[in-house]
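This is run_2.cif. It holds mmCIF, C-alpha atoms.
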```cif
data_target
#
loop_
_atom_site.group_PDB
_atom_site.id
_atom_site.type_symbol
_atom_site.label_atom_id
_atom_site.label_comp_id
_atom_site.auth_asym_id
_atom_site.auth_seq_id
_atom_site.Cartn_x
_atom_site.Cartn_y
_atom_site.Cartn_z
ATOM 1 C CA MET A 1 45.473 -45.588 -39.647
ATOM 2 C CA THR A 2 44.315 -48.705 -41.475
ATOM 3 C CA THR A 3 42.210 -48.743 -44.636
ATOM 4 C CA PHE A 4 40.441 -51.740 -46.133
ATOM 5 C CA ALA A 5 39.658 -51.554 -49.854
ATOM 6 C CA ASP A 6 37.610 -53.753 -52.156
ATOM 7 C CA ALA A 7 35.770 -53.602 -55.456
ATOM 8 C CA ASN A 8 32.790 -55.551 -56.708
ATOM 9 C CA LEU A 9 33.297 -56.226 -60.427
ATOM 10 C CA GLY A 10 30.230 -55.543 -62.570
ATOM 11 C CA HIS A 11 27.979 -54.808 -59.602
ATOM 12 C CA ASP A 12 25.581 -52.662 -61.650
ATOM 13 C CA PHE A 13 23.930 -55.001 -64.152
ATOM 14 C CA ILE A 14 22.597 -52.162 -66.314
ATOM 15 C CA SER A 15 25.848 -50.217 -66.830
ATOM 16 C CA GLY A 16 28.331 -53.001 -66.003
ATOM 17 C CA LYS A 17 30.239 -50.692 -63.670
ATOM 18 C CA SER A 18 31.970 -51.887 -60.520
ATOM 19 C CA VAL A 19 31.515 -50.521 -56.999
ATOM 20 C CA THR A 20 34.357 -49.424 -54.724
ATOM 21 C CA GLY A 21 34.082 -49.972 -50.980
ATOM 22 C CA LEU A 22 36.487 -48.443 -48.430
ATOM 23 C CA LEU A 23 36.627 -48.555 -44.634
ATOM 24 C CA HIS A 24 39.035 -46.340 -42.691
ATOM 25 C CA PHE A 25 40.043 -47.235 -39.121
ATOM 26 C CA LEU A 26 42.000 -45.261 -36.546
ATOM 27 C CA ASN A 27 43.130 -47.307 -33.519
ATOM 28 C CA LYS A 28 40.755 -50.126 -34.557
ATOM 29 C CA THR A 29 37.819 -47.690 -34.604
ATOM 30 C CA PRO A 30 36.037 -46.947 -37.893
ATOM 31 C CA PHE A 31 35.954 -43.222 -38.582
ATOM 32 C CA ASP A 32 35.199 -42.964 -42.321
ATOM 33 C CA TRP A 33 33.721 -45.081 -45.079
ATOM 34 C CA PHE A 34 33.156 -44.760 -48.821
ATOM 35 C CA SER A 35 31.045 -46.645 -51.345
ATOM 36 C CA LYS A 36 30.612 -45.466 -54.907
ATOM 37 C CA LYS A 37 30.070 -46.759 -58.411
ATOM 38 C CA GLN A 38 33.282 -46.485 -60.453
ATOM 39 C CA GLY A 39 33.446 -44.112 -63.395
ATOM 40 C CA THR A 40 34.579 -46.667 -65.983
ATOM 41 C CA VAL A 41 33.473 -50.143 -66.999
ATOM 42 C CA GLU A 42 36.202 -52.670 -66.208
ATOM 43 C CA THR A 43 36.522 -56.019 -67.956
ATOM 44 C CA ALA A 44 38.685 -57.642 -65.275
ATOM 45 C CA THR A 45 38.927 -57.655 -61.509
ATOM 46 C CA PHE A 46 42.457 -56.192 -61.700
ATOM 47 C CA GLY A 47 41.142 -52.929 -63.167
ATOM 48 C CA SER A 48 38.334 -52.468 -60.660
ATOM 49 C CA GLU A 49 40.539 -53.381 -57.674
ATOM 50 C CA ASN A 50 43.291 -51.041 -58.923
ATOM 51 C CA SER A 51 40.766 -48.228 -59.205
ATOM 52 C CA ALA A 52 39.634 -48.967 -55.639
ATOM 53 C CA ALA A 53 43.267 -48.793 -54.439
ATOM 54 C CA ARG A 54 43.674 -45.399 -56.143
ATOM 55 C CA SER A 55 40.513 -44.089 -54.464
ATOM 56 C CA ALA A 56 41.737 -45.414 -51.119
ATOM 57 C CA ILE A 57 45.074 -43.609 -51.471
ATOM 58 C CA GLU A 58 43.326 -40.348 -52.345
ATOM 59 C CA GLN A 59 41.202 -40.667 -49.204
ATOM 60 C CA ILE A 60 44.146 -41.708 -47.011
ATOM 61 C CA ARG A 61 45.953 -38.538 -48.075
ATOM 62 C CA ALA A 62 42.878 -36.416 -47.278
ATOM 63 C CA ASN A 63 42.295 -38.135 -43.920
ATOM 64 C CA LYS A 64 45.953 -37.740 -42.913
ATOM 65 C CA LEU A 65 45.790 -34.032 -43.674
ATOM 66 C CA THR A 66 42.527 -33.612 -41.753
ATOM 67 C CA LEU A 67 43.929 -35.438 -38.721
ATOM 68 C CA LEU A 68 47.114 -33.352 -38.808
ATOM 69 C CA PHE A 69 45.080 -30.123 -38.970
ATOM 70 C CA MET A 70 43.099 -31.327 -35.941
ATOM 71 C CA GLY A 71 46.334 -31.968 -34.038
ATOM 72 C CA VAL A 72 46.065 -35.763 -34.011
ATOM 73 C CA PRO A 73 49.571 -37.235 -34.165
ATOM 74 C CA LEU A 74 50.102 -40.155 -36.538
ATOM 75 C CA SER A 75 52.844 -42.313 -35.086
ATOM 76 C CA SER A 76 53.038 -44.866 -37.890
ATOM 77 C CA CYS A 77 52.682 -45.154 -41.640
ATOM 78 C CA PRO A 78 49.092 -45.796 -42.810
ATOM 79 C CA ILE A 79 48.334 -49.322 -44.014
ATOM 80 C CA LEU A 80 46.170 -50.108 -47.034
ATOM 81 C CA LEU A 81 44.808 -53.664 -47.109
ATOM 82 C CA GLY A 82 43.318 -55.196 -50.248
ATOM 83 C CA ASP A 83 42.152 -58.694 -51.080
ATOM 84 C CA ASN A 84 43.440 -58.865 -54.674
ATOM 85 C CA LYS A 85 46.955 -60.330 -54.555
ATOM 86 C CA SER A 86 47.912 -59.263 -58.099
ATOM 87 C CA VAL A 87 47.020 -55.604 -57.428
ATOM 88 C CA VAL A 88 49.019 -55.619 -54.188
ATOM 89 C CA ASP A 89 51.999 -57.293 -55.897
ATOM 90 C CA SER A 90 51.956 -54.948 -58.899
ATOM 91 C CA GLY A 91 51.765 -51.960 -56.559
ATOM 92 C CA THR A 92 54.641 -53.071 -54.372
ATOM 93 C CA ILE A 93 56.806 -54.966 -56.909
ATOM 94 C CA PRO A 94 56.391 -53.511 -60.420
ATOM 95 C CA HIS A 95 56.838 -56.205 -63.055
ATOM 96 C CA GLN A 96 54.200 -55.862 -65.733
ATOM 97 C CA GLN A 97 53.264 -53.617 -68.603
ATOM 98 C CA LEU A 98 49.815 -52.094 -68.789
ATOM 99 C CA HIS A 99 48.193 -51.219 -72.095
ATOM 100 C CA LYS A 100 45.033 -49.357 -71.056
ATOM 101 C CA ARG A 101 45.702 -45.707 -70.293
ATOM 102 C CA HIS A 102 43.275 -45.326 -67.362
ATOM 103 C CA LEU A 103 44.718 -48.472 -65.736
ATOM 104 C CA MET A 104 48.240 -47.243 -66.352
ATOM 105 C CA LEU A 105 47.543 -43.917 -64.620
ATOM 106 C CA SER A 106 45.954 -45.604 -61.581
ATOM 107 C CA TYR A 107 48.825 -48.091 -61.447
ATOM 108 C CA HIS A 108 51.457 -45.318 -61.411
ATOM 109 C CA PHE A 109 49.450 -43.330 -58.846
ATOM 110 C CA VAL A 110 49.474 -46.341 -56.495
ATOM 111 C CA ARG A 111 53.151 -47.090 -57.167
ATOM 112 C CA GLU A 112 54.189 -43.481 -56.506
ATOM 113 C CA ALA A 113 52.420 -43.350 -53.126
ATOM 114 C CA ILE A 114 54.098 -46.597 -52.050
ATOM 115 C CA ALA A 115 57.520 -45.511 -53.359
ATOM 116 C CA LEU A 116 57.254 -42.212 -51.460
ATOM 117 C CA GLY A 117 56.552 -44.123 -48.254
ATOM 118 C CA GLU A 118 53.133 -42.520 -47.777
ATOM 119 C CA LEU A 119 51.630 -45.902 -46.925
ATOM 120 C CA ARG A 120 52.184 -49.638 -46.870
ATOM 121 C CA PHE A 121 50.080 -51.820 -49.165
ATOM 122 C CA ALA A 122 49.464 -55.395 -48.044
ATOM 123 C CA HIS A 123 47.265 -58.351 -48.942
ATOM 124 C CA ILE A 124 44.467 -59.593 -46.703
ATOM 125 C CA ASN A 125 42.318 -62.632 -47.318
ATOM 126 C CA GLY A 126 38.838 -61.698 -48.542
ATOM 127 C CA GLU A 127 37.268 -63.579 -45.618
ATOM 128 C CA PHE A 128 38.856 -61.080 -43.202
ATOM 129 C CA ASN A 129 38.294 -57.919 -45.276
ATOM 130 C CA PRO A 130 35.411 -55.958 -43.707
ATOM 131 C CA SER A 131 34.973 -53.897 -46.883
ATOM 132 C CA ASP A 132 34.245 -57.067 -48.902
#
```

Kindly present the structure from the file in structure tokens form.
Amino acid sequence: MTTFADANLGHDFISGKSVTGLLHFLNKTPFDWFSKKQGTVETATFGSENSAARSAIEQIRANKLTLLFMGVPLSSCPILLGDNKSVVDSGTIPHQQLHKRHLMLSYHFVREAIALGELRFAHINGEFNPSD
């Protein structure tokens, strides 16, 4: 299972909220997608992309469970691909302190899923990210 995640910072000009976009693939075939305005206004791309990564992990967990209930075997660890290098690096190699509580909670949610081995988080160039 491969998931592509992206966020569009400040997409809604009236509220200033970003939009999360997710595409889920199974054997190179899209089987689920998600697009929704985020619940908080972010002032930087890091916050909106981190929120998108958290949403992606929540959906990966739900999709894995659904596939297991349907009897579909998952032979490998799901892969989450994002086009923001700093979000991917902070999720896989923790090295910074966060001062906003909602960012901190999303950050730890992403870190925990990676540390537990639930998925692999990797960077993809924005030109090749279909959710961009």

Q.
Using all atoms listed in the file, can you tell me which of A:Thr2, A:Asp132, A:Pro78, A:Thr66 comes closest to Thr20 (chain A)?
A. A:Asp132

(Q) Could you list, as a PyMOL selection string, every residue within 9 Å of Glu118 (chain A), counting only C-alpha atoms and ignoring same-chain residues fewer than 2 positions away? (A) chain A and resi 57+61+77-78+112-116+120

Spatial neighbours of region 39-51 of chain A, max dist 12 Å, only C-alpha atoms, sep filter under 4 positions, as a PDB file with C-alpha atoms, keeping the file's coordinate frame:
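To be explicit, this is the file written out as selection.pdb:
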```
ATOM      1  CA  PHE A   4      40.441 -51.740 -46.133  1.00  0.00           C
ATOM      2  CA  ALA A   5      39.658 -51.554 -49.854  1.00  0.00           C
ATOM      3  CA  ASP A   6      37.610 -53.753 -52.156  1.00  0.00           C
ATOM      4  CA  ALA A   7      35.770 -53.602 -55.456  1.00  0.00           C
ATOM      5  CA  ASN A   8      32.790 -55.551 -56.708  1.00  0.00           C
ATOM      6  CA  LEU A   9      33.297 -56.226 -60.427  1.00  0.00           C
ATOM      7  CA  GLY A  10      30.230 -55.543 -62.570  1.00  0.00           C
ATOM      8  CA  HIS A  11      27.979 -54.808 -59.602  1.00  0.00           C
ATOM      9  CA  ASP A  12      25.581 -52.662 -61.650  1.00  0.00           C
ATOM     10  CA  PHE A  13      23.930 -55.001 -64.152  1.00  0.00           C
ATOM     11  CA  ILE A  14      22.597 -52.162 -66.314  1.00  0.00           C
ATOM     12  CA  SER A  15      25.848 -50.217 -66.830  1.00  0.00           C
ATOM     13  CA  GLY A  16      28.331 -53.001 -66.003  1.00  0.00           C
ATOM     14  CA  LYS A  17      30.239 -50.692 -63.670  1.00  0.00           C
ATOM     15  CA  SER A  18      31.970 -51.887 -60.520  1.00  0.00           C
ATOM     16  CA  VAL A  19      31.515 -50.521 -56.999  1.00  0.00           C
ATOM     17  CA  THR A  20      34.357 -49.424 -54.724  1.00  0.00           C
ATOM     18  CA  GLY A  21      34.082 -49.972 -50.980  1.00  0.00           C
ATOM     19  CA  LEU A  22      36.487 -48.443 -48.430  1.00  0.00           C
ATOM     20  CA  SER A  55      40.513 -44.089 -54.464  1.00  0.00           C
ATOM     21  CA  ALA A  56      41.737 -45.414 -51.119  1.00  0.00           C
ATOM     22  CA  ILE A  57      45.074 -43.609 -51.471  1.00  0.00           C
ATOM     23  CA  GLU A  58      43.326 -40.348 -52.345  1.00  0.00           C
ATOM     24  CA  LEU A  81      44.808 -53.664 -47.109  1.00  0.00           C
ATOM     25  CA  GLY A  82      43.318 -55.196 -50.248  1.00  0.00           C
ATOM     26  CA  ASP A  83      42.152 -58.694 -51.080  1.00  0.00           C
ATOM     27  CA  ASN A  84      43.440 -58.865 -54.674  1.00  0.00           C
ATOM     28  CA  LYS A  85      46.955 -60.330 -54.555  1.00  0.00           C
ATOM     29  CA  SER A  86      47.912 -59.263 -58.099  1.00  0.00           C
ATOM     30  CA  VAL A  87      47.020 -55.604 -57.428  1.00  0.00           C
ATOM     31  CA  VAL A  88      49.019 -55.619 -54.188  1.00  0.00           C
ATOM     32  CA  ASP A  89      51.999 -57.293 -55.897  1.00  0.00           C
ATOM     33  CA  SER A  90      51.956 -54.948 -58.899  1.00  0.00           C
ATOM     34  CA  GLY A  91      51.765 -51.960 -56.559  1.00  0.00           C
ATOM     35  CA  LEU A  98      49.815 -52.094 -68.789  1.00  0.00           C
ATOM     36  CA  HIS A  99      48.193 -51.219 -72.095  1.00  0.00           C
ATOM     37  CA  LYS A 100      45.033 -49.357 -71.056  1.00  0.00           C
ATOM     38  CA  ARG A 101      45.702 -45.707 -70.293  1.00  0.00           C
ATOM     39  CA  HIS A 102      43.275 -45.326 -67.362  1.00  0.00           C
ATOM     40  CA  LEU A 103      44.718 -48.472 -65.736  1.00  0.00           C
ATOM     41  CA  MET A 104      48.240 -47.243 -66.352  1.00  0.00           C
ATOM     42  CA  LEU A 105      47.543 -43.917 -64.620  1.00  0.00           C
ATOM     43  CA  SER A 106      45.954 -45.604 -61.581  1.00  0.00           C
ATOM     44  CA  TYR A 107      48.825 -48.091 -61.447  1.00  0.00           C
ATOM     45  CA  HIS A 108      51.457 -45.318 -61.411  1.00  0.00           C
ATOM     46  CA  PHE A 109      49.450 -43.330 -58.846  1.00  0.00           C
ATOM     47  CA  VAL A 110      49.474 -46.341 -56.495  1.00  0.00           C
ATOM     48  CA  ARG A 111      53.151 -47.090 -57.167  1.00  0.00           C
ATOM     49  CA  PHE A 121      50.080 -51.820 -49.165  1.00  0.00           C
ATOM     50  CA  ASP A 132      34.245 -57.067 -48.902  1.00  0.00           C
TER      51      ASP A 132
END
```

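Picture a line from CA of Thr92 (chain A) to CA of Lys28 (chain A); it runs 24.4 Å.
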
Q) Which residue gives the smallest distance to Leu119 (chain A) among A:Thr29, A:Ser131, A:Leu74, A:Ile60, with only C-alpha atoms counted? A) A:Ile60

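Proximity ranking of A:Met70, A:Ile124, A:Met1, A:Leu65 relative to His24 (chain A) places A:Met1 first, based on all atoms listed in the file.
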
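Between CA of Lys37 (chain A) and CA of Ala52 (chain A) the interatomic distance comes to 10.2 Å.
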
Box time for region 105-109 of chain A: axis-aligned, enclosing all its listed atoms, 6 Å extra on each side; report centre and edge lengths in Å to one decimal, as AutoDock Vina command-line options.
```
--center_x 48.7 --center_y -45.7 --center_z -61.7 --size_x 17.5 --size_y 16.8 --size_z 17.8
```

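Take the candidates A:Ala122, A:Leu26, A:Leu68, A:Ile93 and check each one against Ala53 (chain A) using only C-alpha atoms; the shortest distance goes to A:Ala122.
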
Q) What is the distance between CA of Asp32 (chain A) and CA of Lys64 (chain A), in Å to one decimal? A) 12.0 Å
